[in-house]
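Notes for the one structure printed next.
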Amino acid sequence: MNQITITYKMKLYHRHWEELILTKKLYNQVLKFYYEILLEQEELLELSNFLLMRELEILSVGTKEDKKENRKPKYSLQEFPTLPLYFRRAIINHAISLMRSYKSNYQNWLNSEQKKKCPIPAQTFCASPIYYKGMYKDFTGTSIWLKVFDGKKWNWLEFPYRGRKIPEKAVALSPVIYLKGKNAWLHVPVSMEVEQVKTIAERMKEEEKILAVSFPHADTMAVCAILLKNGKMEGYEYIRGGKEWRGKKKRLLERLEKSQKSRKQICVSDNKKIFQKIENLNDYYAHQISRQILEYGKKHQIQVIAVPNYEMGIEFSKRKYFEGNRFDWIGRKIIKYLKYKAFQEGMIVGTVRPYHISDSCAECGSRILKYNGGKLYVCSKGHRGNSGLNTARNIGQHFLKNYNN
């Protein structure tokens, strides 16, 4: 079995906002404090992380003997409020990580023949607080208790949240608190076991069928086709939702254009909320469609999925959205989510070059003509049908040619 780690994002409800801000501010003040110690004591970096953390604690907190004899440590934390043990240790590990990264980048710069801009130590600190066990408790499916700083003392406060449910067999690791705009997010690394995933070549020696998927720009957001090794189609499925998704996006874009016209200027920054909603909408549907593809594959005991190898790019251009050129195809994002979801299930996603997968007939290979808004096709030899399904079949056949030889 292999271990993989995936980050789950939960949106915290706006309770105790000020406490979260003060906690982050204190976290970064102390982070700067330990980072500057490491800049002065660079020789400490020769120690392992465990011994280095222990050494920094001695330098800043002192030992039991120091406390008995009332001796102050070399670098005193007295300028800061009392810090919980695990809060301090999270910061120390964060400072060590930042310092090692800087030294590594600096050494690479020294060894480089083409000298670019010399790396410099961090000047400002705006890190997101990492919460070790002891700083959070009662992590349920709807809320979490966090230890936060109110400017004077530390308090345990409950934070309701909404987001994906963590699988029962998974292990939630140390969460991170992200503050973005006026929103607070809980990013939780989740570790889970997956089956030993073989390479595609190894899998294709064992498998008798594959699932090929195309992503039309229509109400049908994905077309799944099950192909046997000889290229014949055994079954297919249409996954819809494009009309609903595009309608919601259209309403958001209309709000954007109305807002822009009322201001009589093009100012993308004034519409961050709307753009964020569009991104969230794309994410939601990409997750939903990728999950449905995976469920269809599991239902038919598929282990290998074939998709087009589209280059990952920006999902949409904000400027082009305003100008009316609306790039609202999310096939790349669906593929991205499908890959890691499939890996969790012990399945594997392979790709094919996206050449002549949508302009040739899967039956005879001749050129096709599309009609009815591109939904249907007909070729010179009389073959006709759904163009999305034809594309999926071509994807599968191209994939099989690569691994049947």
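Identifiers for the structure tokens are assigned positionally: chains receive A, B, ... in sequence, residues are indexed from 1 per chain, and ligands are indexed from 1 in the order shown.
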
Using DSSP secondary structure from the backbone, list all strand (DSSP E) positions within stretch 38-284 of chain A, as a VMD selection string.
chain A and resid 136 to 137 143 to 149 154 to 163 171 to 172 176 to 180 183 to 194 209 to 214 220 to 228 233 to 240

If we count only C-alpha atoms, what is near stretch 154-163 of chain A at a cut-off of 12 Å, once residues fewer than 2 positions away on the same chain are taken out, given as an MDAnalysis selection string?
chainID A and resid 7:17 19:20 22:23 26 81:84 87 134:152 165:166 177 183:188 284

Go through stretch 170-305 of chain A and collect every residue that DSSP, computed from the backbone, puts in helix (DSSP H, G or I); the answer should be as a PyMOL selection string.
chain A and resi 200-206+242-263+268-299

For A:Ala306, please output as an mmCIF file with all heavy atoms, in the first residue's frame all residues within 6 Å (counting only C-alpha atoms; exclusion window: fewer than 4 positions along the same chain).
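Result went into result_33.cif, see below:
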data_model
loop_
_atom_site.group_PDB
_atom_site.id
_atom_site.type_symbol
_atom_site.label_atom_id
_atom_site.label_comp_id
_atom_site.auth_asym_id
_atom_site.auth_seq_id
_atom_site.Cartn_x
_atom_site.Cartn_y
_atom_site.Cartn_z
ATOM 1 N N ALA A 212 -12.648 5.584 -22.007
ATOM 2 C CA ALA A 212 -12.180 6.788 -22.693
ATOM 3 C C ALA A 212 -13.190 7.904 -22.462
ATOM 4 O O ALA A 212 -14.407 7.664 -22.486
ATOM 5 C CB ALA A 212 -12.020 6.519 -24.192
ATOM 6 N N VAL A 349 -4.885 7.157 -14.802
ATOM 7 C CA VAL A 349 -5.355 7.947 -15.943
ATOM 8 C C VAL A 349 -4.206 8.142 -16.924
ATOM 9 O O VAL A 349 -3.140 8.648 -16.556
ATOM 10 C CB VAL A 349 -5.892 9.317 -15.481
ATOM 11 C CG1 VAL A 349 -6.301 10.160 -16.694
ATOM 12 C CG2 VAL A 349 -7.073 9.143 -14.541
ATOM 13 N N GLY A 350 -4.417 7.731 -18.164
ATOM 14 C CA GLY A 350 -3.435 7.933 -19.215
ATOM 15 C C GLY A 350 -3.938 8.963 -20.209
ATOM 16 O O GLY A 350 -5.131 9.276 -20.239
ATOM 17 N N THR A 351 -3.032 9.505 -21.003
ATOM 18 C CA THR A 351 -3.424 10.548 -21.952
ATOM 19 C C THR A 351 -3.005 10.197 -23.373
ATOM 20 O O THR A 351 -2.106 9.384 -23.590
ATOM 21 C CB THR A 351 -2.778 11.898 -21.575
ATOM 22 O OG1 THR A 351 -1.343 11.766 -21.574
ATOM 23 C CG2 THR A 351 -3.239 12.348 -20.196
#

Stretch 215-219 of chain A surroundings by only C-alpha atoms, 7 Å radius, close-in-sequence under 2 positions cut, as a compact mmCIF listing (two decimals) with N, CA and C atoms, in the first residue's frame:
# COMPACT_ATOMS: atom_id res chain seq x y z
N VAL A 213 -12.69 9.12 -22.23
CA VAL A 213 -13.58 10.23 -21.87
C VAL A 213 -13.27 11.44 -22.74
N MET A 221 -21.19 17.48 -20.36
CA MET A 221 -19.87 17.95 -19.95
C MET A 221 -18.80 16.87 -20.10
N ALA A 222 -19.23 15.62 -20.16
CA ALA A 222 -18.29 14.51 -20.37
C ALA A 222 -19.02 13.36 -21.02
N VAL A 223 -18.34 12.67 -21.94
CA VAL A 223 -18.89 11.46 -22.56
C VAL A 223 -17.93 10.32 -22.28
N ARG A 240 -24.21 15.02 -17.90
CA ARG A 240 -24.70 16.36 -18.23
C ARG A 240 -24.52 17.33 -17.06
N GLY A 241 -24.96 18.55 -17.28
CA GLY A 241 -24.84 19.60 -16.27
C GLY A 241 -24.32 20.91 -16.84
N GLY A 242 -23.93 20.88 -18.13
CA GLY A 242 -23.34 22.08 -18.73
C GLY A 242 -24.31 23.24 -18.82
N LYS A 243 -25.58 22.95 -19.11
CA LYS A 243 -26.57 24.01 -19.25
C LYS A 243 -26.78 24.71 -17.90
N TRP A 329 -14.82 26.73 -20.87
CA TRP A 329 -14.64 25.28 -20.96
C TRP A 329 -13.76 24.83 -19.80
N GLY A 331 -12.79 21.50 -19.19
CA GLY A 331 -12.30 20.13 -19.37
C GLY A 331 -10.96 19.88 -18.72
N GLY A 388 -19.64 13.93 -29.51
CA GLY A 388 -18.90 13.73 -28.26
C GLY A 388 -18.53 12.28 -28.04

For A:Lys25, the closest of A:Cys126, A:Leu294, A:Ile334, A:Leu59 counting only C-alpha atoms is A:Cys126

Taking 2 positions as the minimum chain separation for residues in the same chain, which residues sit within 7 Å of stretch 76-79 of chain A when counting only C-alpha atoms? Answer as a PyMOL selection string.
chain A and resi 60-61+72-74+81

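Minimum distance to A:Lys277 across A:His94, A:Arg255, A:Lys298, A:Lys32 (counting only C-alpha atoms) occurs at A:Arg255.
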
Point-to-point distance from atom CA of A:Glu168 to atom CA of A:Arg89, Å rounded to tenths
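Between atom CA of A:Glu168 and atom CA of A:Arg89 the gap works out to 28.4 Å.
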
Residue with smallest distance to A:Asn309 - pool A:Gly396, A:Pro189, A:Pro121, A:Pro354, counting only C-alpha atoms
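Comparing A:Gly396, A:Pro189, A:Pro121, A:Pro354 against A:Asn309, the winner is A:Pro354.
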
Leaving out stretch 201-209 of chain A and any residue of its chain fewer than 3 positions from it, which residues lie within 10 Å of it when counting only C-alpha atoms, given as an MDAnalysis selection string?
chainID A and resid 197:198 212 226:234 300:305 347:348 396 400 402:404

Kindly save the residues from that selection, with N, CA and C atoms included, as a PDB file, in the first residue's frame.
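To be explicit, this is the file written out as part.pdb:
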ATOM      1  N   VAL A 197      -0.138   1.255  -7.230  1.00  0.00           N
ATOM      2  CA  VAL A 197      -0.557   1.573  -8.596  1.00  0.00           C
ATOM      3  C   VAL A 197       0.541   1.175  -9.582  1.00  0.00           C
ATOM      4  N   LYS A 198       0.192   0.299 -10.521  1.00  0.00           N
ATOM      5  CA  LYS A 198       1.147  -0.127 -11.537  1.00  0.00           C
ATOM      6  C   LYS A 198       1.204   0.905 -12.654  1.00  0.00           C
ATOM      7  N   ALA A 212     -12.648   5.584 -22.007  1.00  0.00           N
ATOM      8  CA  ALA A 212     -12.180   6.788 -22.693  1.00  0.00           C
ATOM      9  C   ALA A 212     -13.190   7.904 -22.462  1.00  0.00           C
ATOM     10  N   ILE A 226     -16.747   2.880 -22.946  1.00  0.00           N
ATOM     11  CA  ILE A 226     -15.976   1.702 -22.549  1.00  0.00           C
ATOM     12  C   ILE A 226     -15.568   0.948 -23.808  1.00  0.00           C
ATOM     13  N   LEU A 227     -14.265   0.783 -23.992  1.00  0.00           N
ATOM     14  CA  LEU A 227     -13.739   0.096 -25.179  1.00  0.00           C
ATOM     15  C   LEU A 227     -13.000  -1.175 -24.783  1.00  0.00           C
ATOM     16  N   LEU A 228     -13.258  -2.230 -25.537  1.00  0.00           N
ATOM     17  CA  LEU A 228     -12.502  -3.472 -25.358  1.00  0.00           C
ATOM     18  C   LEU A 228     -11.135  -3.319 -26.021  1.00  0.00           C
ATOM     19  N   LYS A 229     -10.243  -4.268 -25.792  1.00  0.00           N
ATOM     20  CA  LYS A 229      -8.888  -4.170 -26.342  1.00  0.00           C
ATOM     21  C   LYS A 229      -8.858  -4.153 -27.864  1.00  0.00           C
ATOM     22  N   ASN A 230      -9.879  -4.722 -28.507  1.00  0.00           N
ATOM     23  CA  ASN A 230      -9.919  -4.722 -29.969  1.00  0.00           C
ATOM     24  C   ASN A 230     -10.501  -3.420 -30.535  1.00  0.00           C
ATOM     25  N   GLY A 231     -10.837  -2.471 -29.626  1.00  0.00           N
ATOM     26  CA  GLY A 231     -11.341  -1.169 -30.057  1.00  0.00           C
ATOM     27  C   GLY A 231     -12.849  -1.063 -30.140  1.00  0.00           C
ATOM     28  N   LYS A 232     -13.561  -2.183 -29.975  1.00  0.00           N
ATOM     29  CA  LYS A 232     -15.023  -2.143 -30.043  1.00  0.00           C
ATOM     30  C   LYS A 232     -15.603  -1.546 -28.758  1.00  0.00           C
ATOM     31  N   MET A 233     -16.696  -0.799 -28.930  1.00  0.00           N
ATOM     32  CA  MET A 233     -17.324  -0.144 -27.783  1.00  0.00           C
ATOM     33  C   MET A 233     -18.284  -1.096 -27.080  1.00  0.00           C
ATOM     34  N   GLU A 234     -18.166  -1.162 -25.775  1.00  0.00           N
ATOM     35  CA  GLU A 234     -19.018  -2.055 -24.979  1.00  0.00           C
ATOM     36  C   GLU A 234     -20.158  -1.290 -24.309  1.00  0.00           C
ATOM     37  N   HIS A 300     -18.216  -0.313 -13.626  1.00  0.00           N
ATOM     38  CA  HIS A 300     -17.898  -1.288 -14.680  1.00  0.00           C
ATOM     39  C   HIS A 300     -16.498  -1.884 -14.509  1.00  0.00           C
ATOM     40  N   GLN A 301     -15.955  -1.748 -13.296  1.00  0.00           N
ATOM     41  CA  GLN A 301     -14.673  -2.365 -12.924  1.00  0.00           C
ATOM     42  C   GLN A 301     -13.534  -1.947 -13.867  1.00  0.00           C
ATOM     43  N   ILE A 302     -13.503  -0.661 -14.168  1.00  0.00           N
ATOM     44  CA  ILE A 302     -12.455  -0.102 -15.015  1.00  0.00           C
ATOM     45  C   ILE A 302     -11.234   0.250 -14.168  1.00  0.00           C
ATOM     46  N   GLN A 303     -10.056  -0.042 -14.668  1.00  0.00           N
ATOM     47  CA  GLN A 303      -8.819   0.292 -13.965  1.00  0.00           C
ATOM     48  C   GLN A 303      -7.965   1.316 -14.716  1.00  0.00           C
ATOM     49  N   VAL A 304      -8.243   1.512 -16.009  1.00  0.00           N
ATOM     50  CA  VAL A 304      -7.471   2.454 -16.825  1.00  0.00           C
ATOM     51  C   VAL A 304      -8.424   3.417 -17.512  1.00  0.00           C
ATOM     52  N   ILE A 305      -8.148   4.716 -17.387  1.00  0.00           N
ATOM     53  CA  ILE A 305      -8.964   5.765 -18.006  1.00  0.00           C
ATOM     54  C   ILE A 305      -8.095   6.541 -18.993  1.00  0.00           C
ATOM     55  N   MET A 347      -6.864   3.442  -9.426  1.00  0.00           N
ATOM     56  CA  MET A 347      -7.005   3.485 -10.881  1.00  0.00           C
ATOM     57  C   MET A 347      -5.927   4.408 -11.449  1.00  0.00           C
ATOM     58  N   ILE A 348      -5.761   4.386 -12.746  1.00  0.00           N
ATOM     59  CA  ILE A 348      -4.720   5.206 -13.364  1.00  0.00           C
ATOM     60  C   ILE A 348      -5.288   5.895 -14.603  1.00  0.00           C
ATOM     61  N   GLY A 396     -10.066   6.611 -27.094  1.00  0.00           N
ATOM     62  CA  GLY A 396      -9.809   5.246 -26.656  1.00  0.00           C
ATOM     63  C   GLY A 396      -9.015   4.441 -27.674  1.00  0.00           C
ATOM     64  N   LEU A 400      -5.356   2.789 -27.199  1.00  0.00           N
ATOM     65  CA  LEU A 400      -5.125   1.350 -27.350  1.00  0.00           C
ATOM     66  C   LEU A 400      -4.022   1.047 -28.364  1.00  0.00           C
ATOM     67  N   ASN A 402      -1.377   2.729 -28.789  1.00  0.00           N
ATOM     68  CA  ASN A 402      -0.087   2.972 -28.110  1.00  0.00           C
ATOM     69  C   ASN A 402       0.343   1.791 -27.247  1.00  0.00           C
ATOM     70  N   TYR A 403      -0.643   1.054 -26.708  1.00  0.00           N
ATOM     71  CA  TYR A 403      -0.290   0.005 -25.731  1.00  0.00           C
ATOM     72  C   TYR A 403      -0.616  -1.405 -26.201  1.00  0.00           C
ATOM     73  N   ASN A 404      -1.177  -1.539 -27.379  1.00  0.00           N
ATOM     74  CA  ASN A 404      -1.430  -2.878 -27.916  1.00  0.00           C
ATOM     75  C   ASN A 404      -0.299  -3.361 -28.801  1.00  0.00           C
TER      76      ASN A 404
END
